[in-house]
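One file, coords.pdb, is given below (PDB, C-alpha atoms and all ligand atoms).
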ATOM      1  CA  GLU A   1      83.115  74.174  84.172  1.00  0.00           C
ATOM      2  CA  LEU A   2      85.879  71.605  84.295  1.00  0.00           C
ATOM      3  CA  ALA A   3      87.918  73.331  81.620  1.00  0.00           C
ATOM      4  CA  LYS A   4      88.032  76.532  83.655  1.00  0.00           C
ATOM      5  CA  ASN A   5      90.069  74.847  86.369  1.00  0.00           C
ATOM      6  CA  LYS A   6      92.526  73.469  83.858  1.00  0.00           C
ATOM      7  CA  GLU A   7      93.877  76.881  82.966  1.00  0.00           C
ATOM      8  CA  ASN A   8      97.601  77.298  83.474  1.00  0.00           C
ATOM      9  CA  MET A   9      97.265  80.178  85.862  1.00  0.00           C
ATOM     10  CA  SER A  10      94.994  78.407  88.310  1.00  0.00           C
ATOM     11  CA  LEU A  11      96.310  76.544  91.302  1.00  0.00           C
ATOM     12  CA  SER A  12      95.648  72.919  92.014  1.00  0.00           C
ATOM     13  CA  ILE A  13      95.920  72.570  95.783  1.00  0.00           C
ATOM     14  CA  ASP A  14      96.418  69.186  97.405  1.00  0.00           C
ATOM     15  CA  LYS A  15      97.937  67.811 100.559  1.00  0.00           C
ATOM     16  CA  ILE A  16     101.516  67.220  99.419  1.00  0.00           C
ATOM     17  CA  ASN A  17     104.239  65.139 101.046  1.00  0.00           C
ATOM     18  CA  LEU A  18     107.044  67.628 100.508  1.00  0.00           C
ATOM     19  CA  SER A  19     109.678  65.240 101.861  1.00  0.00           C
ATOM     20  CA  GLN A  20     108.740  62.702  99.225  1.00  0.00           C
ATOM     21  CA  LEU A  21     108.538  65.316  96.498  1.00  0.00           C
ATOM     22  CA  LEU A  22     112.002  66.620  97.418  1.00  0.00           C
ATOM     23  CA  GLU A  23     113.437  63.117  97.492  1.00  0.00           C
ATOM     24  CA  ASN A  24     112.081  62.386  94.004  1.00  0.00           C
ATOM     25  CA  THR A  25     113.244  65.715  92.636  1.00  0.00           C
ATOM     26  CA  LEU A  26     116.771  65.286  94.018  1.00  0.00           C
ATOM     27  CA  LEU A  27     116.967  61.788  92.602  1.00  0.00           C
ATOM     28  CA  GLN A  28     115.959  63.099  89.162  1.00  0.00           C
ATOM     29  CA  MET A  29     118.569  65.855  89.368  1.00  0.00           C
ATOM     30  CA  HIS A  30     121.201  63.348  90.448  1.00  0.00           C
ATOM     31  CA  GLN A  31     120.382  61.039  87.552  1.00  0.00           C
ATOM     32  CA  ALA A  32     120.298  63.841  84.994  1.00  0.00           C
ATOM     33  CA  TYR A  33     123.550  65.546  85.993  1.00  0.00           C
ATOM     34  CA  SER A  34     125.581  62.945  87.911  1.00  0.00           C
ATOM     35  CA  ARG A  35     125.881  65.360  90.799  1.00  0.00           C
ATOM     36  CA  GLU A  36     125.435  64.850  94.509  1.00  0.00           C
ATOM     37  CA  PHE A  37     122.302  66.228  96.179  1.00  0.00           C
ATOM     38  CA  GLU A  38     121.925  65.585  99.916  1.00  0.00           C
ATOM     39  CA  LEU A  39     118.649  65.819 101.798  1.00  0.00           C
ATOM     40  CA  HIS A  40     118.721  66.641 105.530  1.00  0.00           C
ATOM     41  CA  GLY A  41     116.237  67.613 108.208  1.00  0.00           C
ATOM     42  CA  ASP A  42     112.770  66.352 109.076  1.00  0.00           C
ATOM     43  CA  SER A  43     110.903  63.645 107.195  1.00  0.00           C
ATOM     44  CA  ASN A  44     107.182  63.435 106.464  1.00  0.00           C
ATOM     45  CA  LEU A  45     106.644  67.143 105.976  1.00  0.00           C
ATOM     46  CA  PHE A  46     103.207  67.908 104.565  1.00  0.00           C
ATOM     47  CA  ALA A  47     101.781  71.141 103.176  1.00  0.00           C
ATOM     48  CA  TYR A  48      98.696  72.157 101.205  1.00  0.00           C
ATOM     49  CA  THR A  49     100.137  73.467  97.970  1.00  0.00           C
ATOM     50  CA  ASP A  50     100.338  72.948  94.205  1.00  0.00           C
ATOM     51  CA  SER A  51     102.705  70.031  93.618  1.00  0.00           C
ATOM     52  CA  GLN A  52     103.549  70.862  89.989  1.00  0.00           C
ATOM     53  CA  LYS A  53     104.311  74.488  90.691  1.00  0.00           C
ATOM     54  CA  ILE A  54     106.332  73.874  93.823  1.00  0.00           C
ATOM     55  CA  LYS A  55     108.310  71.202  92.011  1.00  0.00           C
ATOM     56  CA  GLN A  56     109.082  73.668  89.227  1.00  0.00           C
ATOM     57  CA  LEU A  57     110.249  76.153  91.849  1.00  0.00           C
ATOM     58  CA  PHE A  58     112.559  73.553  93.446  1.00  0.00           C
ATOM     59  CA  PHE A  59     113.893  72.648  90.015  1.00  0.00           C
ATOM     60  CA  ILE A  60     114.882  76.206  89.167  1.00  0.00           C
ATOM     61  CA  LEU A  61     116.794  76.665  92.438  1.00  0.00           C
ATOM     62  CA  LEU A  62     118.422  73.217  92.316  1.00  0.00           C
ATOM     63  CA  ASP A  63     119.408  73.728  88.705  1.00  0.00           C
ATOM     64  CA  ASN A  64     121.086  77.041  89.562  1.00  0.00           C
ATOM     65  CA  ALA A  65     122.800  75.486  92.577  1.00  0.00           C
ATOM     66  CA  ARG A  66     124.409  72.820  90.411  1.00  0.00           C
ATOM     67  CA  LYS A  67     125.155  75.199  87.513  1.00  0.00           C
ATOM     68  CA  TYR A  68     127.016  77.709  89.673  1.00  0.00           C
ATOM     69  CA  SER A  69     128.976  75.217  91.780  1.00  0.00           C
ATOM     70  CA  ASP A  70     131.027  72.051  91.345  1.00  0.00           C
ATOM     71  CA  ASP A  71     130.521  70.492  94.755  1.00  0.00           C
ATOM     72  CA  LYS A  72     127.529  68.754  96.284  1.00  0.00           C
ATOM     73  CA  VAL A  73     124.246  70.591  96.872  1.00  0.00           C
ATOM     74  CA  ILE A  74     122.696  70.345 100.330  1.00  0.00           C
ATOM     75  CA  VAL A  75     118.940  70.622 100.877  1.00  0.00           C
ATOM     76  CA  THR A  76     117.620  70.986 104.413  1.00  0.00           C
ATOM     77  CA  ALA A  77     113.885  70.766 105.158  1.00  0.00           C
ATOM     78  CA  THR A  78     112.499  71.601 108.598  1.00  0.00           C
ATOM     79  CA  LYS A  79     109.187  72.773 110.011  1.00  0.00           C
ATOM     80  CA  ASN A  80     107.713  74.961 112.672  1.00  0.00           C
ATOM     81  CA  GLU A  81     104.054  75.616 113.480  1.00  0.00           C
ATOM     82  CA  HIS A  82     103.196  77.541 110.320  1.00  0.00           C
ATOM     83  CA  PHE A  83     105.995  77.033 107.829  1.00  0.00           C
ATOM     84  CA  ILE A  84     108.154  74.438 106.227  1.00  0.00           C
ATOM     85  CA  SER A  85     111.571  75.822 105.513  1.00  0.00           C
ATOM     86  CA  VAL A  86     113.522  74.380 102.600  1.00  0.00           C
ATOM     87  CA  ALA A  87     117.110  75.601 102.276  1.00  0.00           C
ATOM     88  CA  ILE A  88     119.034  74.865  99.070  1.00  0.00           C
ATOM     89  CA  GLU A  89     122.730  75.426  99.654  1.00  0.00           C
ATOM     90  CA  ASP A  90     125.639  75.276  97.260  1.00  0.00           C
ATOM     91  CA  PHE A  91     129.367  75.797  97.661  1.00  0.00           C
ATOM     92  CA  GLY A  92     129.960  77.599  94.394  1.00  0.00           C
ATOM     93  CA  VAL A  93     130.894  80.991  92.994  1.00  0.00           C
ATOM     94  CA  GLY A  94     128.505  82.985  95.177  1.00  0.00           C
ATOM     95  CA  ILE A  95     126.767  86.264  94.316  1.00  0.00           C
ATOM     96  CA  PRO A  96     128.129  89.746  95.074  1.00  0.00           C
ATOM     97  CA  LYS A  97     126.024  91.567  97.675  1.00  0.00           C
ATOM     98  CA  GLU A  98     125.230  94.500  95.374  1.00  0.00           C
ATOM     99  CA  GLN A  99     123.717  92.118  92.801  1.00  0.00           C
ATOM    100  CA  LEU A 100     121.294  90.445  95.185  1.00  0.00           C
ATOM    101  CA  PRO A 101     118.485  93.016  94.700  1.00  0.00           C
ATOM    102  CA  HIS A 102     118.464  92.368  90.910  1.00  0.00           C
ATOM    103  CA  LEU A 103     118.598  88.587  90.968  1.00  0.00           C
ATOM    104  CA  PHE A 104     114.893  88.051  90.400  1.00  0.00           C
ATOM    105  CA  ASP A 105     114.624  90.528  87.530  1.00  0.00           C
ATOM    106  CA  ARG A 106     113.880  89.212  84.069  1.00  0.00           C
ATOM    107  CA  PHE A 107     116.960  88.508  81.934  1.00  0.00           C
ATOM    108  CA  TYR A 108     119.311  89.503  84.747  1.00  0.00           C
ATOM    109  CA  ARG A 109     122.572  87.573  84.860  1.00  0.00           C
ATOM    110  CA  VAL A 110     125.250  88.456  87.385  1.00  0.00           C
ATOM    111  CA  ASN A 111     128.217  88.367  85.063  1.00  0.00           C
ATOM    112  CA  GLN A 112     127.971  87.369  81.414  1.00  0.00           C
ATOM    113  CA  ASP A 113     131.599  86.361  81.350  1.00  0.00           C
ATOM    114  CA  ARG A 114     131.467  84.100  84.334  1.00  0.00           C
ATOM    115  CA  ASN A 115     128.118  82.697  83.186  1.00  0.00           C
ATOM    116  CA  ARG A 116     129.059  81.998  79.606  1.00  0.00           C
ATOM    117  CA  LYS A 117     129.852  78.338  80.076  1.00  0.00           C
ATOM    118  CA  THR A 118     126.577  77.623  81.882  1.00  0.00           C
ATOM    119  CA  GLY A 119     124.301  79.224  79.309  1.00  0.00           C
ATOM    120  CA  GLY A 120     120.869  80.418  80.361  1.00  0.00           C
ATOM    121  CA  THR A 121     118.582  83.332  79.738  1.00  0.00           C
ATOM    122  CA  GLY A 122     118.274  84.919  83.154  1.00  0.00           C
ATOM    123  CA  LEU A 123     114.602  83.942  83.299  1.00  0.00           C
ATOM    124  CA  GLY A 124     114.812  81.144  85.866  1.00  0.00           C
ATOM    125  CA  LEU A 125     114.650  83.270  88.984  1.00  0.00           C
ATOM    126  CA  ALA A 126     112.026  85.611  87.503  1.00  0.00           C
ATOM    127  CA  ILE A 127     109.797  82.563  87.005  1.00  0.00           C
ATOM    128  CA  ALA A 128     110.726  81.316  90.487  1.00  0.00           C
ATOM    129  CA  ARG A 129     109.566  84.611  91.947  1.00  0.00           C
ATOM    130  CA  GLU A 130     106.220  84.413  90.128  1.00  0.00           C
ATOM    131  CA  LEU A 131     105.675  80.846  91.282  1.00  0.00           C
ATOM    132  CA  ALA A 132     106.589  81.773  94.849  1.00  0.00           C
ATOM    133  CA  GLU A 133     104.178  84.709  94.849  1.00  0.00           C
ATOM    134  CA  ARG A 134     101.382  82.510  93.553  1.00  0.00           C
ATOM    135  CA  LEU A 135     102.062  79.918  96.241  1.00  0.00           C
ATOM    136  CA  ASP A 136     102.522  82.471  99.022  1.00  0.00           C
ATOM    137  CA  ILE A 137     106.109  81.342  99.517  1.00  0.00           C
ATOM    138  CA  GLU A 138     108.809  83.700 100.738  1.00  0.00           C
ATOM    139  CA  ILE A 139     112.283  83.349  99.197  1.00  0.00           C
ATOM    140  CA  LYS A 140     115.378  84.468 101.080  1.00  0.00           C
ATOM    141  CA  VAL A 141     118.932  84.525  99.704  1.00  0.00           C
ATOM    142  CA  GLU A 142     122.254  84.514 101.500  1.00  0.00           C
ATOM    143  CA  SER A 143     125.489  84.405  99.570  1.00  0.00           C
ATOM    144  CA  LYS A 144     129.193  84.906  99.904  1.00  0.00           C
ATOM    145  CA  VAL A 145     131.433  85.312  96.878  1.00  0.00           C
ATOM    146  CA  GLY A 146     133.825  82.415  96.547  1.00  0.00           C
ATOM    147  CA  TYR A 147     132.052  80.424  99.246  1.00  0.00           C
ATOM    148  CA  GLY A 148     128.519  79.702  98.094  1.00  0.00           C
ATOM    149  CA  THR A 149     124.841  80.532  98.099  1.00  0.00           C
ATOM    150  CA  CYS A 150     121.790  79.496 100.072  1.00  0.00           C
ATOM    151  CA  PHE A 151     118.222  80.066  98.860  1.00  0.00           C
ATOM    152  CA  THR A 152     115.611  79.445 101.559  1.00  0.00           C
ATOM    153  CA  LEU A 153     111.914  78.917 100.844  1.00  0.00           C
ATOM    154  CA  LEU A 154     109.354  79.532 103.576  1.00  0.00           C
ATOM    155  CA  ILE A 155     106.384  77.423 102.570  1.00  0.00           C
ATOM    156  CA  PRO A 156     103.089  77.950 104.394  1.00  0.00           C
ATOM    157  CA  ILE A 157     101.626  74.693 105.683  1.00  0.00           C
ATOM    158  CA  ASN A 158      98.102  76.028 104.986  1.00  0.00           C
ATOM    159  CA  ASP A 159      96.284  73.675 107.320  1.00  0.00           C
ATOM    160  CA  ASP A 160      93.145  75.754 106.814  1.00  0.00           C
ATOM    161  CA  PHE A 161      92.769  74.112 103.400  1.00  0.00           C
ATOM    162  CA  SER A 162      92.175  70.774 105.111  1.00  0.00           C
ATOM    163  CA  GLU A 163      88.578  71.743 105.919  1.00  0.00           C
ATOM    164  CA  VAL A 164      87.828  72.592 102.312  1.00  0.00           C
ATOM    165  CA  ASP A 165      89.557  69.390 101.320  1.00  0.00           C
ATOM    166  CA  SER A 166      87.576  67.049 103.542  1.00  0.00           C
ATOM    167  CA  LYS A 167      84.153  68.173 102.297  1.00  0.00           C
TER     168      LYS A 167
HETATM  169  P1  LIG A 201     118.228  80.413  83.234  1.00  0.00           P
HETATM  170  O1  LIG A 201     117.761  80.151  84.627  1.00  0.00           O
HETATM  171  O2  LIG A 201     117.233  81.155  82.418  1.00  0.00           O
HETATM  172  O3  LIG A 201     118.762  79.200  82.576  1.00  0.00           O
HETATM  173  P2  LIG A 201     120.215  81.956  84.547  1.00  0.00           P
HETATM  174  O4  LIG A 201     120.664  80.858  85.450  1.00  0.00           O
HETATM  175  O5  LIG A 201     121.254  82.877  84.050  1.00  0.00           O
HETATM  176  O6  LIG A 201     119.476  81.389  83.305  1.00  0.00           O
HETATM  177  P3  LIG A 201     118.481  82.907  86.669  1.00  0.00           P
HETATM  178  O7  LIG A 201     118.157  81.547  87.145  1.00  0.00           O
HETATM  179  O8  LIG A 201     117.384  83.913  86.621  1.00  0.00           O
HETATM  180  O9  LIG A 201     119.118  82.864  85.222  1.00  0.00           O
HETATM  181  O10 LIG A 201     119.635  83.487  87.576  1.00  0.00           O
HETATM  182  C1  LIG A 201     120.064  84.840  87.382  1.00  0.00           C
HETATM  183  C2  LIG A 201     121.513  84.970  87.718  1.00  0.00           C
HETATM  184  O11 LIG A 201     121.702  84.810  89.129  1.00  0.00           O
HETATM  185  C3  LIG A 201     122.397  83.893  87.084  1.00  0.00           C
HETATM  186  O12 LIG A 201     122.810  84.268  85.808  1.00  0.00           O
HETATM  187  C4  LIG A 201     123.571  83.808  88.053  1.00  0.00           C
HETATM  188  O13 LIG A 201     124.518  84.812  87.747  1.00  0.00           O
HETATM  189  C5  LIG A 201     122.939  84.174  89.399  1.00  0.00           C
HETATM  190  N1  LIG A 201     122.676  82.981  90.226  1.00  0.00           N
HETATM  191  C6  LIG A 201     121.495  82.331  90.404  1.00  0.00           C
HETATM  192  N2  LIG A 201     121.610  81.303  91.250  1.00  0.00           N
HETATM  193  C7  LIG A 201     122.904  81.271  91.642  1.00  0.00           C
HETATM  194  C8  LIG A 201     123.677  80.438  92.534  1.00  0.00           C
HETATM  195  N3  LIG A 201     123.110  79.397  93.181  1.00  0.00           N
HETATM  196  N4  LIG A 201     124.992  80.737  92.689  1.00  0.00           N
HETATM  197  C9  LIG A 201     125.554  81.779  92.044  1.00  0.00           C
HETATM  198  N5  LIG A 201     124.904  82.602  91.194  1.00  0.00           N
HETATM  199  C10 LIG A 201     123.590  82.361  90.995  1.00  0.00           C
END
Will you turn the file into structure tokens for me?
Amino acid sequence: ELAKNKENMSLSIDKINLSQLLENTLLQMHQAYSREFELHGDSNLFAYTDSQKIKQLFFILLDNARKYSDDKVIVTATKNEHFISVAIEDFGVGIPKEQLPHLFDRFYRVNQDRNRKTGGTGLGLAIARELAERLDIEIKVESKVGYGTCFTLLIPINDDFSEVDSK
């Protein structure tokens, strides 16, 4: 019984303080890479989600943001009635418009030449997409070559889980 729930593919849903989780994640990124990560927006944002998986998703996008830029990375978290929006913005190389539809494909890398110094397999965003699908999160991308890139996550607050939770 217990072992069944421990499988990798299953979700472990809890009430998560996303503001706190973002703060911790940005601090870890800052310490690991000596780069600046700013957090803006609302504080005390809660959602019912899987903390490990959402953290992995943040990591992939933050890691790309710092790999493909040299400046600070800005994260903005806000909420409305149903969603928490987390925007991860960098001021780096940007992504050509015609490449955007392929970004989340396995092993896709925009330009081997430009990417050579950063390394990588092109799997990060494919994994991010799978995690997002599992968590019911929508990912949007805006980018301008030579200016930067912004990935936005729309995270459902999932208040309906609170009833299950309080049993
Ligand atoms: P890996 O994540 O496996 O280490 P990767 O970074 O090449 O390698 P993805 O994370 O899947 O792979 O990203 C795919 C491609 O999308 C990258 O190679 C890069 O060209 C482009 N890309 C992703 N994020 C950004 C970003 N923030 N700015 C510019 N280009 C990006």
Practice task
Quick one: apply the PyMOL selection byres (((not hetatm)) within 9 of (chain A and resi 201)) to the file and drop the selected residues here as a PyMOL selection string.
Solution key: chain A and resi 60-69+88-96+99-100+102-112+114-115+118-128+143+145+148-151
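Rounded to one decimal, CA of Glu23 in chain A and CA of Leu11 in chain A lie 22.6 Å from each other.
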Centre, x/y/z edge lengths, axis-aligned box for range 145-150 of chain A with 3 Å per side, as JSON:
{"center_x": 127.8, "center_y": 82.4, "center_z": 98.3, "size_x": 18.0, "size_y": 11.8, "size_z": 9.5}
Exercise for the section: Work out how far apart CA of Pro156 in chain A and CA of Ala77 in chain A are and give it in Å to one decimal. Expected result: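 These atoms are spaced 13.0 Å apart.
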Practice task
Could you tell me how far CA of Gln28 in chain A lies from CA of Val73 in chain A, in Å and to one decimal?
Solution key: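 Separating CA of Gln28 in chain A from CA of Val73 in chain A is a distance of 13.6 Å.
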How close does range 35-81 of chain A get to range 131-136 of chain A? List, as a Markdown table, each residue of range 35-81 of chain A within 7 Å, its nearest atom pair and the distance in Å to one decimal, counting all atoms listed in the file.
| residue | atom | partner | partner_atom | distance |
| --- | --- | --- | --- | --- |
| A:Thr49 | CA | A:Leu135 | CA | 7.0 |
| A:Lys53 | CA | A:Leu131 | CA | 6.5 |
| A:Leu57 | CA | A:Leu131 | CA | 6.6 |
Handout entry: Contacts of Asp50 in chain A within 9 Å, only C-alpha atoms, excl. fewer than 3 positions in-chain, as a list of chain:residue names
Key = A:Leu11, A:Ser12, A:Ile13, A:Asp14, A:Lys15, A:Ile16, A:Lys53, A:Ile54, A:Lys55, A:Leu135
Handout entry: Proximity to Phe59 in chain A - best of A:Leu39, A:Leu26, A:Ala47, A:Val75, all atoms listed in the file
Key =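 Nearest to Phe59 in chain A: A:Leu26.
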Exercise for the section: Check what the PyMOL selection byres (((chain A and resi 44) around 9) and not hetatm) selects in the file above and give those residues as a list of chain:residue names. Expected result: A:Asn17, A:Leu18, A:Ser19, A:Gln20, A:Asp42, A:Ser43, A:Leu45, A:Phe46
Practice task
Run through the PyMOL selection byres (((chain A and resi 158) around 8) and not hetatm) on the given coordinates and return the selected residues as a list in words.
Solution key: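 So the PyMOL selection byres (((chain A and resi 158) around 8) and not hetatm), applied here, picks out Ala47, Tyr48, Thr49, His82, Pro156, Ile157, Asp159, Asp160, Phe161 and Ser162 of chain A.
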